[in-house]
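Asks: Structure file query00.csv (CSV, C-alpha atoms) right here:
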chain,number,residue,atom,x,y,z
A,1,MET,CA,32.6,-56.0,-12.0
A,2,PRO,CA,35.8,-54.8,-10.2
A,3,ASP,CA,36.1,-55.4,-6.5
A,4,ASP,CA,37.2,-52.9,-3.8
A,5,ASP,CA,40.9,-53.8,-4.4
A,6,ALA,CA,40.7,-53.2,-8.1
A,7,SER,CA,43.9,-51.6,-9.4
A,8,GLU,CA,42.3,-50.3,-12.6
A,9,LYS,CA,42.5,-46.5,-12.8
A,10,SER,CA,39.0,-46.4,-14.4
A,11,ILE,CA,36.6,-48.0,-16.7
A,12,THR,CA,35.2,-45.8,-19.5
A,13,PHE,CA,31.5,-46.4,-20.2
A,14,ILE,CA,30.0,-45.6,-23.6
A,15,ASP,CA,26.3,-45.5,-22.8
A,16,ASN,CA,25.1,-43.1,-25.4
A,17,ALA,CA,25.2,-45.3,-28.5
A,18,LYS,CA,23.2,-43.4,-31.1
A,19,LYS,CA,20.0,-44.7,-32.5
A,20,ILE,CA,19.1,-44.9,-36.1
A,21,GLU,CA,17.2,-41.9,-37.4
A,22,THR,CA,13.8,-43.2,-38.6
A,23,LYS,CA,11.8,-40.0,-39.1
A,24,ALA,CA,12.4,-39.6,-42.8
A,25,LEU,CA,11.7,-43.2,-43.4
A,26,GLN,CA,8.5,-43.1,-41.4
A,27,THR,CA,7.4,-40.0,-43.4
A,28,LEU,CA,8.1,-41.9,-46.7
A,29,VAL,CA,6.0,-44.9,-45.6
A,30,ASP,CA,3.2,-42.5,-44.5
A,31,ASN,CA,3.3,-40.8,-47.9
A,32,PHE,CA,3.0,-44.2,-49.7
A,33,GLU,CA,0.0,-45.0,-47.5
A,34,ASP,CA,-1.7,-41.7,-48.4
A,35,THR,CA,-1.0,-42.1,-52.1
A,36,ILE,CA,-2.4,-45.7,-52.1
A,37,LYS,CA,-5.6,-44.4,-50.4
A,38,SER,CA,-5.9,-41.7,-53.0
A,39,ILE,CA,-5.5,-44.2,-55.8
A,40,LYS,CA,-8.1,-46.4,-54.3
A,41,GLN,CA,-10.6,-43.5,-54.1
A,42,LEU,CA,-10.0,-42.8,-57.8
A,43,LEU,CA,-10.6,-46.5,-58.6
A,44,ASP,CA,-14.0,-46.3,-56.8
A,45,ASN,CA,-15.1,-43.5,-59.1
A,46,LYS,CA,-17.6,-44.9,-61.6
A,47,GLU,CA,-16.8,-42.3,-64.2
A,48,LEU,CA,-13.3,-43.7,-64.6
A,49,LEU,CA,-12.6,-45.2,-68.1
A,50,ASP,CA,-11.4,-48.9,-68.2
A,51,THR,CA,-8.1,-48.0,-69.8
A,52,ASP,CA,-7.4,-45.5,-67.0
A,53,LYS,CA,-8.6,-47.9,-64.4
A,54,ARG,CA,-6.0,-50.5,-65.6
A,55,HIS,CA,-3.2,-48.0,-65.5
A,56,LEU,CA,-4.2,-47.0,-61.9
A,57,GLU,CA,-4.4,-50.7,-60.8
A,58,THR,CA,-0.9,-51.2,-62.1
A,59,THR,CA,0.3,-48.1,-60.4
A,60,LEU,CA,-1.4,-49.2,-57.2
A,61,GLU,CA,0.4,-52.5,-57.3
A,62,MET,CA,3.7,-50.8,-57.8
A,63,PHE,CA,3.2,-48.4,-54.9
A,64,GLY,CA,2.1,-51.3,-52.7
A,65,MET,CA,5.4,-53.1,-53.5
A,66,MET,CA,7.4,-50.0,-52.7
A,67,LYS,CA,5.5,-49.4,-49.5
A,68,GLU,CA,6.3,-53.0,-48.3
A,69,ARG,CA,10.0,-52.5,-49.2
A,70,TYR,CA,10.3,-49.4,-47.0
A,71,GLU,CA,8.1,-50.8,-44.3
A,72,LYS,CA,10.6,-53.7,-44.0
A,73,ARG,CA,13.5,-51.3,-43.7
A,74,LEU,CA,11.6,-49.2,-41.1
A,75,ASP,CA,10.8,-52.3,-39.0
A,76,GLU,CA,14.5,-53.4,-39.2
A,77,ASP,CA,15.7,-49.9,-38.0
A,78,LYS,CA,13.1,-49.9,-35.2
A,79,SER,CA,14.2,-53.4,-34.1
A,80,GLU,CA,17.9,-52.2,-34.1
A,81,ASN,CA,16.9,-49.2,-32.1
A,82,GLU,CA,15.3,-51.4,-29.5
A,83,LYS,CA,18.5,-53.3,-29.2
A,84,ILE,CA,20.4,-50.0,-28.8
A,85,ASN,CA,18.0,-48.9,-26.0
A,86,ILE,CA,18.6,-52.2,-24.2
A,87,PHE,CA,22.3,-51.8,-24.5
A,88,ASN,CA,22.3,-48.2,-23.3
A,89,THR,CA,20.1,-49.1,-20.4
A,90,PHE,CA,22.3,-52.0,-19.3
A,91,ILE,CA,25.4,-49.9,-19.5
A,92,ARG,CA,23.9,-47.1,-17.5
A,93,ASN,CA,22.8,-49.5,-14.8
A,94,TYR,CA,26.2,-51.2,-14.7
A,95,LYS,CA,27.9,-47.8,-14.6
A,96,ALA,CA,25.8,-46.8,-11.6
A,97,LYS,CA,26.8,-49.9,-9.7
A,98,TYR,CA,30.5,-49.5,-10.7
A,99,THR,CA,30.5,-45.8,-9.6
A,100,ARG,CA,29.5,-46.8,-6.1
A,101,LYS,CA,32.6,-49.0,-5.8
A,102,ILE,CA,35.4,-46.9,-7.3
A,103,THR,CA,37.5,-44.2,-5.7
A,104,ASP,CA,37.0,-40.5,-6.3
A,105,THR,CA,40.1,-40.3,-8.4
A,106,GLN,CA,38.8,-43.2,-10.6
A,107,ALA,CA,35.4,-41.5,-10.9
A,108,VAL,CA,37.0,-38.2,-12.0
A,109,PHE,CA,39.2,-39.8,-14.6
A,110,SER,CA,36.3,-41.9,-15.9
A,111,GLU,CA,34.2,-38.8,-16.2
A,112,TYR,CA,37.0,-37.0,-18.0
A,113,VAL,CA,37.4,-39.8,-20.6
A,114,GLU,CA,33.6,-39.9,-21.2
A,115,GLN,CA,33.4,-36.2,-21.7
A,116,LYS,CA,36.4,-36.3,-24.0
A,117,GLU,CA,34.7,-38.9,-26.2
A,118,ILE,CA,31.6,-36.7,-26.3
A,119,ALA,CA,33.7,-33.7,-27.2
A,120,ILE,CA,35.3,-35.6,-30.0
A,121,GLU,CA,32.0,-36.7,-31.4
A,122,SER,CA,30.6,-33.1,-31.2
A,123,MET,CA,33.7,-31.7,-33.1
A,124,ALA,CA,33.3,-34.4,-35.7
A,125,GLU,CA,29.7,-33.5,-36.1
A,126,LEU,CA,30.5,-29.8,-36.5
A,127,LEU,CA,33.2,-30.6,-39.1
A,128,PHE,CA,30.7,-32.7,-41.0
A,129,ARG,CA,28.1,-30.0,-40.9
A,130,LYS,CA,30.7,-27.4,-42.0
A,131,GLU,CA,31.6,-29.5,-45.0
A,132,LYS,CA,27.9,-29.4,-46.0
A,133,LEU,CA,27.6,-25.7,-45.7
A,134,GLU,CA,26.9,-23.8,-48.9
A,135,LYS,CA,27.2,-20.2,-49.7
A,136,ILE,CA,23.6,-18.9,-50.0
A,137,VAL,CA,22.8,-16.3,-52.6
A,138,PRO,CA,19.4,-15.1,-53.6
A,139,ASN,CA,17.9,-17.2,-56.4
A,140,ILE,CA,14.2,-16.5,-56.8
A,141,CYS,CA,11.9,-16.0,-59.7
A,142,GLU,CA,10.9,-12.4,-60.2
A,143,ILE,CA,7.4,-11.6,-59.0
A,144,GLN,CA,5.7,-8.5,-60.3
A,145,ILE,CA,3.4,-6.8,-57.8
A,146,ILE,CA,0.4,-5.4,-59.6
A,147,PRO,CA,-1.5,-2.6,-58.0
A,148,GLU,CA,-5.2,-3.1,-57.4
A,149,THR,CA,-7.1,-0.6,-59.3
A,150,ASN,CA,-10.8,0.3,-59.0
A,151,PRO,CA,-12.0,2.8,-61.7
A,152,VAL,CA,-15.1,4.8,-60.7
A,153,ASP,CA,-16.2,7.5,-63.0
A,154,LYS,CA,-13.2,9.8,-63.7
A,155,TYR,CA,-11.3,8.5,-60.7
A,156,ARG,CA,-9.0,5.5,-60.3
A,157,PHE,CA,-8.7,4.3,-56.7
A,158,ILE,CA,-5.4,2.4,-56.4
A,159,SER,CA,-4.0,0.3,-53.6
A,160,LYS,CA,-0.3,-0.6,-54.0
A,161,LEU,CA,2.7,-1.6,-52.0
A,162,GLN,CA,5.9,0.4,-51.6
A,163,ILE,CA,7.7,-2.0,-53.9
A,164,GLU,CA,6.9,-3.0,-57.5
A,165,LYS,CA,8.6,-6.4,-57.7
A,166,ILE,CA,10.4,-9.0,-55.7
A,167,ASP,CA,13.6,-10.4,-57.2
A,168,ASN,CA,17.2,-11.2,-56.4
A,169,THR,CA,18.1,-7.5,-56.4
A,170,TYR,CA,15.4,-6.7,-53.9
A,171,ILE,CA,16.6,-9.5,-51.5
A,172,GLU,CA,20.2,-8.2,-51.7
A,173,ASP,CA,19.0,-4.6,-51.0
A,174,LEU,CA,16.9,-5.9,-48.1
A,175,LEU,CA,20.0,-7.4,-46.5
A,176,LYS,CA,22.1,-4.3,-47.2
A,177,SER,CA,19.6,-2.1,-45.5
A,178,VAL,CA,20.1,-3.8,-42.1
A,179,LEU,CA,23.9,-4.2,-42.4
A,180,LYS,CA,26.6,-1.7,-42.0
A,181,ARG,CA,28.1,-0.1,-45.2
A,182,GLY,CA,30.3,-2.5,-47.1
A,183,LYS,CA,29.3,-5.5,-45.0
A,184,SER,CA,27.9,-8.8,-46.5
A,185,ILE,CA,27.1,-12.2,-45.1
A,186,ASP,CA,29.1,-15.2,-46.2
A,187,THR,CA,27.0,-18.1,-44.9
A,188,GLN,CA,30.0,-20.5,-45.2
A,189,ILE,CA,32.3,-18.7,-42.7
A,190,ILE,CA,30.0,-16.3,-40.8
A,191,THR,CA,30.2,-16.5,-37.0
A,192,GLU,CA,27.9,-15.1,-34.3
A,193,SER,CA,30.3,-12.4,-33.3
A,194,ASP,CA,30.9,-11.4,-37.0
A,195,LEU,CA,27.1,-11.1,-37.5
A,196,LYS,CA,26.8,-8.9,-34.4
A,197,ASP,CA,29.5,-6.5,-35.7
A,198,MET,CA,27.8,-6.3,-39.2
A,199,ILE,CA,24.3,-5.4,-38.0
A,200,LYS,CA,23.4,-1.7,-38.2
A,201,LYS,CA,22.4,0.0,-34.9
A,202,TYR,CA,22.7,-3.2,-32.9
A,203,PRO,CA,20.7,-3.0,-29.7
A,204,ASN,CA,22.3,-2.7,-26.3
A,205,GLU,CA,20.7,-5.8,-24.9
A,206,GLU,CA,23.5,-8.3,-24.5
A,207,GLU,CA,21.2,-11.3,-24.1
A,208,THR,CA,19.7,-10.8,-27.6
A,209,ALA,CA,21.1,-13.3,-30.1
A,210,PRO,CA,22.5,-11.6,-33.3
A,211,LEU,CA,20.4,-13.9,-35.5
A,212,GLU,CA,17.2,-12.8,-33.7
A,213,VAL,CA,18.3,-9.1,-34.1
A,214,LEU,CA,18.8,-9.7,-37.8
A,215,LYS,CA,15.4,-11.3,-38.2
A,216,SER,CA,13.7,-8.5,-36.3
A,217,LYS,CA,15.3,-5.8,-38.5
A,218,ILE,CA,14.5,-7.6,-41.7
A,219,SER,CA,10.9,-8.1,-40.5
A,220,SER,CA,10.6,-4.3,-39.7
A,221,ARG,CA,11.9,-3.5,-43.2
A,222,LEU,CA,9.4,-5.9,-44.8
A,223,ASP,CA,6.5,-4.3,-42.8
A,224,ILE,CA,7.5,-1.0,-44.4
A,225,ASP,CA,7.9,-2.3,-47.9
A,226,PHE,CA,4.6,-4.3,-47.8
A,227,LYS,CA,2.5,-1.5,-46.3
A,228,VAL,CA,-0.4,-0.7,-48.5
A,229,ARG,CA,-0.4,2.8,-50.0
A,230,ASN,CA,-3.7,4.1,-51.3
A,231,THR,CA,-3.8,6.7,-54.0
A,232,ILE,CA,-6.5,8.5,-56.1
A,233,VAL,CA,-5.8,9.3,-59.7
A,234,GLU,CA,-7.8,12.0,-61.6
A,235,ASP,CA,-6.9,12.8,-65.2
A,236,ASN,CA,-3.5,10.9,-64.7
A,237,MET,CA,-2.7,13.1,-61.7
A,238,ASP,CA,-2.2,11.7,-58.2
A,239,VAL,CA,-4.6,13.8,-56.1
A,240,TYR,CA,-4.5,11.7,-52.9
A,241,ASP,CA,-2.4,14.2,-51.1
A,242,GLU,CA,-4.8,17.0,-52.1
A,243,VAL,CA,-7.7,15.3,-50.3
A,244,SER,CA,-9.5,17.7,-48.0
A,245,SER,CA,-13.0,18.2,-46.8
A,246,GLY,CA,-13.9,20.1,-49.9
A,247,PHE,CA,-12.2,17.7,-52.3
A,248,ASP,CA,-13.8,14.8,-50.5
A,249,ALA,CA,-17.2,16.3,-51.1
A,250,GLN,CA,-16.5,17.0,-54.8
A,251,MET,CA,-15.3,13.4,-55.3
A,252,TYR,CA,-18.3,12.1,-53.4
A,253,PHE,CA,-20.8,14.0,-55.6
A,254,THR,CA,-18.9,12.8,-58.6
A,255,LEU,CA,-19.3,9.2,-57.5
A,256,LEU,CA,-23.0,9.8,-56.7
A,257,SER,CA,-23.6,11.3,-60.1
A,258,GLY,CA,-22.1,8.3,-61.8
A,259,GLU,CA,-24.2,5.8,-59.9
A,260,ILE,CA,-26.8,4.2,-62.2
A,261,ARG,CA,-27.3,0.8,-60.7
A,262,ASP,CA,-29.7,1.6,-58.0
A,263,LYS,CA,-32.8,3.8,-58.2
A,264,GLY,CA,-34.0,6.0,-55.4
A,265,ILE,CA,-33.9,9.4,-53.8
A,266,TYR,CA,-30.9,11.4,-52.7
A,267,ILE,CA,-31.4,13.7,-49.8
A,268,ILE,CA,-28.4,16.0,-49.4
A,269,ASP,CA,-27.8,18.6,-46.7
A,270,GLN,CA,-25.8,21.8,-47.5
A,271,PRO,CA,-23.6,20.4,-50.3
A,272,GLU,CA,-21.8,23.8,-50.4
A,273,ASP,CA,-20.1,23.1,-47.1
A,274,HIS,CA,-16.2,23.3,-47.5
A,275,ILE,CA,-16.5,23.8,-51.2
A,276,SER,CA,-15.4,27.0,-52.9
A,277,GLN,CA,-17.8,29.0,-55.1
A,278,ARG,CA,-15.5,28.4,-58.0
A,279,ALA,CA,-15.5,24.7,-57.5
A,280,ILE,CA,-19.3,24.7,-57.2
A,281,LYS,CA,-19.6,26.6,-60.5
A,282,GLU,CA,-17.0,24.7,-62.4
A,283,LYS,CA,-17.5,21.1,-61.1
A,284,VAL,CA,-20.2,20.4,-58.6
A,285,LEU,CA,-23.2,21.9,-60.5
A,286,GLU,CA,-22.5,19.6,-63.4
A,287,GLN,CA,-22.4,16.6,-61.1
A,288,PHE,CA,-25.8,17.5,-59.7
A,289,ARG,CA,-27.2,17.8,-63.2
A,290,ARG,CA,-26.0,14.3,-64.0
A,291,MET,CA,-27.4,13.1,-60.6
A,292,GLY,CA,-30.8,14.6,-61.4
A,293,GLN,CA,-31.0,12.7,-64.6
A,294,GLN,CA,-30.9,9.4,-62.8
A,295,ARG,CA,-33.1,10.0,-59.7
A,296,GLN,CA,-34.9,12.6,-57.6
A,297,VAL,CA,-32.7,14.9,-55.5
A,298,ILE,CA,-33.9,16.7,-52.4
A,299,MET,CA,-31.4,19.3,-51.3
A,300,VAL,CA,-31.2,21.7,-48.3
A,301,THR,CA,-29.0,24.6,-49.2
A,302,HIS,CA,-28.2,28.3,-48.5
A,303,ASN,CA,-26.2,28.7,-51.8
A,304,PRO,CA,-28.1,30.4,-54.6
A,305,GLN,CA,-26.0,28.6,-57.3
A,306,PHE,CA,-27.7,25.3,-56.6
A,307,ILE,CA,-31.1,27.0,-56.7
A,308,VAL,CA,-30.8,29.2,-59.7
A,309,ASN,CA,-28.2,27.6,-62.0
A,310,LEU,CA,-29.6,24.0,-61.6
A,311,ASP,CA,-33.1,25.1,-62.8
A,312,VAL,CA,-34.6,23.1,-60.0
A,313,ASP,CA,-38.2,21.9,-60.4
A,314,ASN,CA,-39.4,23.0,-57.0
A,315,VAL,CA,-38.1,25.5,-54.5
A,316,ILE,CA,-39.4,25.2,-51.0
A,317,PHE,CA,-38.7,28.2,-48.8
A,318,LEU,CA,-39.2,27.8,-45.0
A,319,SER,CA,-39.6,31.0,-42.8
A,320,LYS,CA,-40.9,31.9,-39.5
A,321,LYS,CA,-43.3,34.9,-39.1
A,322,ASN,CA,-45.1,35.9,-36.0
A,323,GLY,CA,-44.0,32.7,-34.2
A,324,LYS,CA,-45.3,30.5,-37.0
A,325,PHE,CA,-43.6,28.6,-39.8
A,326,GLU,CA,-44.6,29.5,-43.3
A,327,ILE,CA,-43.9,27.4,-46.4
A,328,GLU,CA,-43.7,29.0,-49.9
A,329,SER,CA,-42.9,26.8,-52.8
A,330,GLY,CA,-42.9,26.6,-56.6
A,331,ALA,CA,-40.7,26.6,-59.7
A,332,LEU,CA,-38.2,29.4,-60.1
A,333,GLU,CA,-40.5,31.2,-62.4
A,334,TYR,CA,-43.5,30.8,-60.2
A,335,GLU,CA,-45.3,33.9,-58.8
A,336,ASP,CA,-48.8,34.8,-57.6
A,337,ASP,CA,-50.4,37.5,-55.7
A,338,GLU,CA,-48.7,36.4,-52.4
A,339,TYR,CA,-45.1,35.7,-53.4
A,340,ASN,CA,-42.5,35.4,-56.2
A,341,ILE,CA,-40.0,32.6,-55.9
A,342,LEU,CA,-37.2,34.5,-57.7
A,343,LYS,CA,-37.8,37.5,-55.4
A,344,ILE,CA,-37.7,35.2,-52.3
A,345,VAL,CA,-34.3,33.9,-53.5
A,346,ALA,CA,-33.0,37.4,-54.1
A,347,ASP,CA,-34.1,38.7,-50.8
A,348,ASN,CA,-33.3,35.8,-48.5
A,349,ILE,CA,-30.3,33.9,-49.9
A,350,ASP,CA,-26.9,35.5,-49.6
A,351,GLY,CA,-25.7,36.2,-53.1
A,352,GLY,CA,-29.1,35.4,-54.5
A,353,LEU,CA,-29.6,38.6,-56.4
A,354,GLN,CA,-26.2,38.5,-58.1
A,355,THR,CA,-26.8,34.9,-59.1
A,356,ILE,CA,-30.2,35.7,-60.6
A,357,GLN,CA,-28.8,38.7,-62.4
A,358,GLY,CA,-26.3,36.4,-64.1
A,359,ARG,CA,-29.2,34.5,-65.5
A,360,MET,CA,-31.5,37.4,-66.4
A,361,LYS,CA,-31.3,36.8,-70.1
A,362,ARG,CA,-32.8,33.4,-69.6
A,363,TYR,CA,-35.5,34.3,-67.2
A,364,GLU,CA,-36.3,37.8,-68.6
A,365,LYS,CA,-37.5,38.9,-65.2
A,366,ASN,CA,-37.2,42.2,-63.3
A,367,ILE,CA,-36.3,41.8,-59.6
What does the file become when written as structure tokens?
Replies:
Amino acid sequence: MPDDDASEKSITFIDNAKKIETKALQTLVDNFEDTIKSIKQLLDNKELLDTDKRHLETTLEMFGMMKERYEKRLDEDKSENEKINIFNTFIRNYKAKYTRKITDTQAVFSEYVEQKEIAIESMAELLFRKEKLEKIVPNICEIQIIPETNPVDKYRFISKLQIEKIDNTYIEDLLKSVLKRGKSIDTQIITESDLKDMIKKYPNEEETAPLEVLKSKISSRLDIDFKVRNTIVEDNMDVYDEVSSGFDAQMYFTLLSGEIRDKGIYIIDQPEDHISQRAIKEKVLEQFRRMGQQRQVIMVTHNPQFIVNLDVDNVIFLSKKNGKFEIESGALEYEDDEYNILKIVADNIDGGLQTIQGRMKRYEKNI
């Protein structure tokens, strides 16, 4: 300890002796312990054959020896770290006492020398890390992305991503999409300022780190590429973009007509809504015929095509006369002294007469 008259310009204290890194060694010992526990559990299994049991016992003994070897190294490193802690603590305490006795000039010079040593160590660490840097290039196994397909009747409902596969080319294109034209990242020499100049449409926020900006832009691109796209295929044609209220109804009736797993009654209100007369004639009527083969269908409609061309079993006509509801019902051919079902359809349903006339040959009736 120098006295007040000490002529030394300064004393440099090295109180940051580095401790030995023990994390990896501790992980190794823990892994050995877990493996030994797993082997012991296997040995407790009564189904284990004697030959396999002997192999496991030998393996257990070998793992036990390795565990002891690395535990010994770990204990030695921990003991050494305790010594380093004691040394650093002693030096810091001595430095504090010394600092109270030296002049300002000596203190400044001492601080300069210590910071210089720290800077040298930091530069050496950077050079060491730079030597270990490798040029990173995409090197992944190709992954095909198979669309999920659910065939129902004549439709195929497909869910798929915007991309069909993930491979090295995709990774390269992903990076190119967020960088300016002609720019590429060399991980061995890239700097923060270089990266900032490379990124396309760099934000104005100065405090945002270039690496965070790059990650954000890549994440946004991935969100787009991995967004699920749904499509509907009918007769090998993508009809998803054609979906409308009318098409929805046609497709819905197609699916209903193909449903054979459950039995029951369908009650359908005005199936003609949003569907053209042509579509009803060419598609929907056939769907209802198929539907009627599987179950009973009760339908409320104002469209004569469903009444006449489906040859329904029972027509129920509701009307209001003199403030009272009246119900008239029967098959299409039914008639008595009070009413005639075909005449009711012709007189009360828009287009009913024309539809019936189209079927006159079958019914041989005069309306």
Asks: Report the distance between atom CA of Asp311 of chain A and atom CA of Ile280 of chain A in Å, rounded to one decimal place.
Replies: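 Between atom CA of Asp311 of chain A and atom CA of Ile280 of chain A the gap works out to 14.9 Å.
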Asks: Which neighbours of Lys215 of chain A fall inside 12 Å, counting only C-alpha atoms, when residues of the same chain fewer than 4 positions from it are skipped, and could you give them as a VMD selection string?
Replies: chain A and resid 174 to 175 178 to 179 195 199 208 to 211 219 to 222
Asks: May I have a table of the residues of segment 58-144 of chain A lying at most 9 Å from segment 183-194 of chain A, giving each one's closest pair of atoms and their distance in Å to one decimal, counting all atoms listed in the file, ordered by chain and ascending residue number, as JSON lines?
Replies:
{"residue": "A:Lys130", "atom": "CA", "partner": "A:Gln188", "partner_atom": "CA", "distance": 7.6}
{"residue": "A:Leu133", "atom": "CA", "partner": "A:Gln188", "partner_atom": "CA", "distance": 5.7}
{"residue": "A:Glu134", "atom": "CA", "partner": "A:Gln188", "partner_atom": "CA", "distance": 5.8}
{"residue": "A:Lys135", "atom": "CA", "partner": "A:Thr187", "partner_atom": "CA", "distance": 5.2}
{"residue": "A:Ile136", "atom": "CA", "partner": "A:Thr187", "partner_atom": "CA", "distance": 6.2}
{"residue": "A:Val137", "atom": "CA", "partner": "A:Thr187", "partner_atom": "CA", "distance": 9.0}
Asks: What's the separation between atom CA of Phe253 of chain A and atom CA of Thr355 of chain A, in Å to one decimal place?
Replies: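 The value is 22.0 Å.
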Asks: Have a look at atom CA of Gln277 of chain A and atom CA of Asn303 of chain A and let me know their distance in Å, one decimal.
Replies: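 That distance, rounded to one decimal, is 9.0 Å.
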Asks: A:Lys18, A:Lys200, A:Lys227, A:Lys46: which is nearest Asn85 of chain A, counting only C-alpha atoms?
Replies: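 Looking only at the distances to Asn85 of chain A, the closest residue turns out to be A:Lys18.
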Asks: Let me make sure I understand: among A:Glu82, A:Asp337, A:Asp153, A:Glu148, which one has the smallest atom-to-atom distance to Glu234 of chain A if we use only C-alpha atoms?
Replies: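 Checking each of A:Glu82, A:Asp337, A:Asp153, A:Glu148 against Glu234 of chain A, counting only C-alpha atoms, the winner is A:Asp153.
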Asks: So which one's closest to Lys160 of chain A, A:Phe226, A:Tyr266, A:Tyr339, A:Tyr112? Using only C-alpha atoms, please.
Replies: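 Once distances to Lys160 of chain A are computed over only C-alpha atoms, the minimum belongs to A:Phe226.
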Asks: For Asn309 of chain A, which residue among A:Leu74, A:Ser329, A:Gly323, A:Glu282 is the nearest when counting only C-alpha atoms?
Replies: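 Answer, going by the shortest atom-to-atom distance: A:Glu282.
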Asks: Please determine, counting all atoms listed in the file, which residue among A:Asn45, A:Asn348, A:Gln26, A:Asn88 has the shortest atom-to-atom distance to Tyr70 of chain A.
Replies: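 Among A:Asn45, A:Asn348, A:Gln26, A:Asn88, it is A:Gln26 that comes nearest to Tyr70 of chain A.
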Asks: If we count all atoms listed in the file, what is near Asn314 of chain A at a cut-off of 9 Å, once residues fewer than 4 positions away on the same chain are taken out, given as an MDAnalysis selection string?
Replies: chainID A and resid 329:332
Asks: Take the residues just selected and output them with C-alpha atoms as a PDB file, in the frame of the given file.
Replies:
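Output below, filename again.pdb:
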ATOM      1  CA  SER A 329     -42.900  26.800 -52.800  1.00  0.00           C
ATOM      2  CA  GLY A 330     -42.900  26.600 -56.600  1.00  0.00           C
ATOM      3  CA  ALA A 331     -40.700  26.600 -59.700  1.00  0.00           C
ATOM      4  CA  LEU A 332     -38.200  29.400 -60.100  1.00  0.00           C
TER       5      LEU A 332
END
Asks: Pick out the closest residue to Thr22 of chain A from this set: A:Arg229, A:Arg73, A:His55, A:Lys201. Count all atoms listed in the file.
Replies: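 Smallest separation from Thr22 of chain A among the options: A:Arg73.
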Asks: Would you pick out the contacts of Leu342 of chain A at 9 Å or less, using only C-alpha atoms, so that residues sharing its chain but fewer than 3 positions from it are not included, and give the list as a VMD selection string?
Replies: chain A and resid 308 331 to 335 345 to 347 352 to 353 356 365 367
Asks: May I have the residues within 12 Å of Glu68 of chain A as a ChimeraX atom specification, using all atoms listed in the file and disregarding those fewer than 5 positions away in the same chain?
Replies: /A:28-30,32-33,36,61-63,73-75
Asks: Quick one: write out the picked residues with C-alpha atoms as a PDB file, keeping the file's coordinate frame?
Replies:
ATOM      1  CA  LEU A  28       8.100 -41.900 -46.700  1.00  0.00           C
ATOM      2  CA  VAL A  29       6.000 -44.900 -45.600  1.00  0.00           C
ATOM      3  CA  ASP A  30       3.200 -42.500 -44.500  1.00  0.00           C
ATOM      4  CA  PHE A  32       3.000 -44.200 -49.700  1.00  0.00           C
ATOM      5  CA  GLU A  33       0.000 -45.000 -47.500  1.00  0.00           C
ATOM      6  CA  ILE A  36      -2.400 -45.700 -52.100  1.00  0.00           C
ATOM      7  CA  GLU A  61       0.400 -52.500 -57.300  1.00  0.00           C
ATOM      8  CA  MET A  62       3.700 -50.800 -57.800  1.00  0.00           C
ATOM      9  CA  PHE A  63       3.200 -48.400 -54.900  1.00  0.00           C
ATOM     10  CA  ARG A  73      13.500 -51.300 -43.700  1.00  0.00           C
ATOM     11  CA  LEU A  74      11.600 -49.200 -41.100  1.00  0.00           C
ATOM     12  CA  ASP A  75      10.800 -52.300 -39.000  1.00  0.00           C
TER      13      ASP A  75
END
Asks: N, CA and C atoms for segment 208-218 of chain A, written as a PDB file, in the coordinates of the input, could you do that?
Replies:
ATOM      1  N   THR A 208      20.332 -10.570 -26.290  1.00  0.00           N
ATOM      2  CA  THR A 208      19.700 -10.800 -27.600  1.00  0.00           C
ATOM      3  C   THR A 208      20.640 -11.425 -28.562  1.00  0.00           C
ATOM      4  N   ALA A 209      20.256 -12.553 -29.137  1.00  0.00           N
ATOM      5  CA  ALA A 209      21.100 -13.300 -30.100  1.00  0.00           C
ATOM      6  C   ALA A 209      21.175 -12.472 -31.402  1.00  0.00           C
ATOM      7  N   PRO A 210      22.361 -12.384 -32.031  1.00  0.00           N
ATOM      8  CA  PRO A 210      22.500 -11.600 -33.300  1.00  0.00           C
ATOM      9  C   PRO A 210      21.532 -12.083 -34.372  1.00  0.00           C
ATOM     10  N   LEU A 211      21.298 -13.397 -34.464  1.00  0.00           N
ATOM     11  CA  LEU A 211      20.400 -13.900 -35.500  1.00  0.00           C
ATOM     12  C   LEU A 211      18.974 -13.372 -35.272  1.00  0.00           C
ATOM     13  N   GLU A 212      18.554 -13.297 -34.003  1.00  0.00           N
ATOM     14  CA  GLU A 212      17.200 -12.800 -33.700  1.00  0.00           C
ATOM     15  C   GLU A 212      17.138 -11.290 -34.019  1.00  0.00           C
ATOM     16  N   VAL A 213      18.222 -10.555 -33.765  1.00  0.00           N
ATOM     17  CA  VAL A 213      18.300  -9.100 -34.100  1.00  0.00           C
ATOM     18  C   VAL A 213      18.124  -8.945 -35.610  1.00  0.00           C
ATOM     19  N   LEU A 214      18.861  -9.766 -36.368  1.00  0.00           N
ATOM     20  CA  LEU A 214      18.800  -9.700 -37.800  1.00  0.00           C
ATOM     21  C   LEU A 214      17.386  -9.964 -38.326  1.00  0.00           C
ATOM     22  N   LYS A 215      16.758 -11.004 -37.790  1.00  0.00           N
ATOM     23  CA  LYS A 215      15.400 -11.300 -38.200  1.00  0.00           C
ATOM     24  C   LYS A 215      14.432 -10.203 -37.869  1.00  0.00           C
ATOM     25  N   SER A 216      14.607  -9.590 -36.698  1.00  0.00           N
ATOM     26  CA  SER A 216      13.700  -8.500 -36.300  1.00  0.00           C
ATOM     27  C   SER A 216      13.860  -7.296 -37.216  1.00  0.00           C
ATOM     28  N   LYS A 217      15.089  -6.957 -37.587  1.00  0.00           N
ATOM     29  CA  LYS A 217      15.300  -5.800 -38.500  1.00  0.00           C
ATOM     30  C   LYS A 217      14.789  -6.058 -39.868  1.00  0.00           C
ATOM     31  N   ILE A 218      14.980  -7.271 -40.360  1.00  0.00           N
ATOM     32  CA  ILE A 218      14.500  -7.600 -41.700  1.00  0.00           C
ATOM     33  C   ILE A 218      12.926  -7.571 -41.661  1.00  0.00           C
TER      34      ILE A 218
END
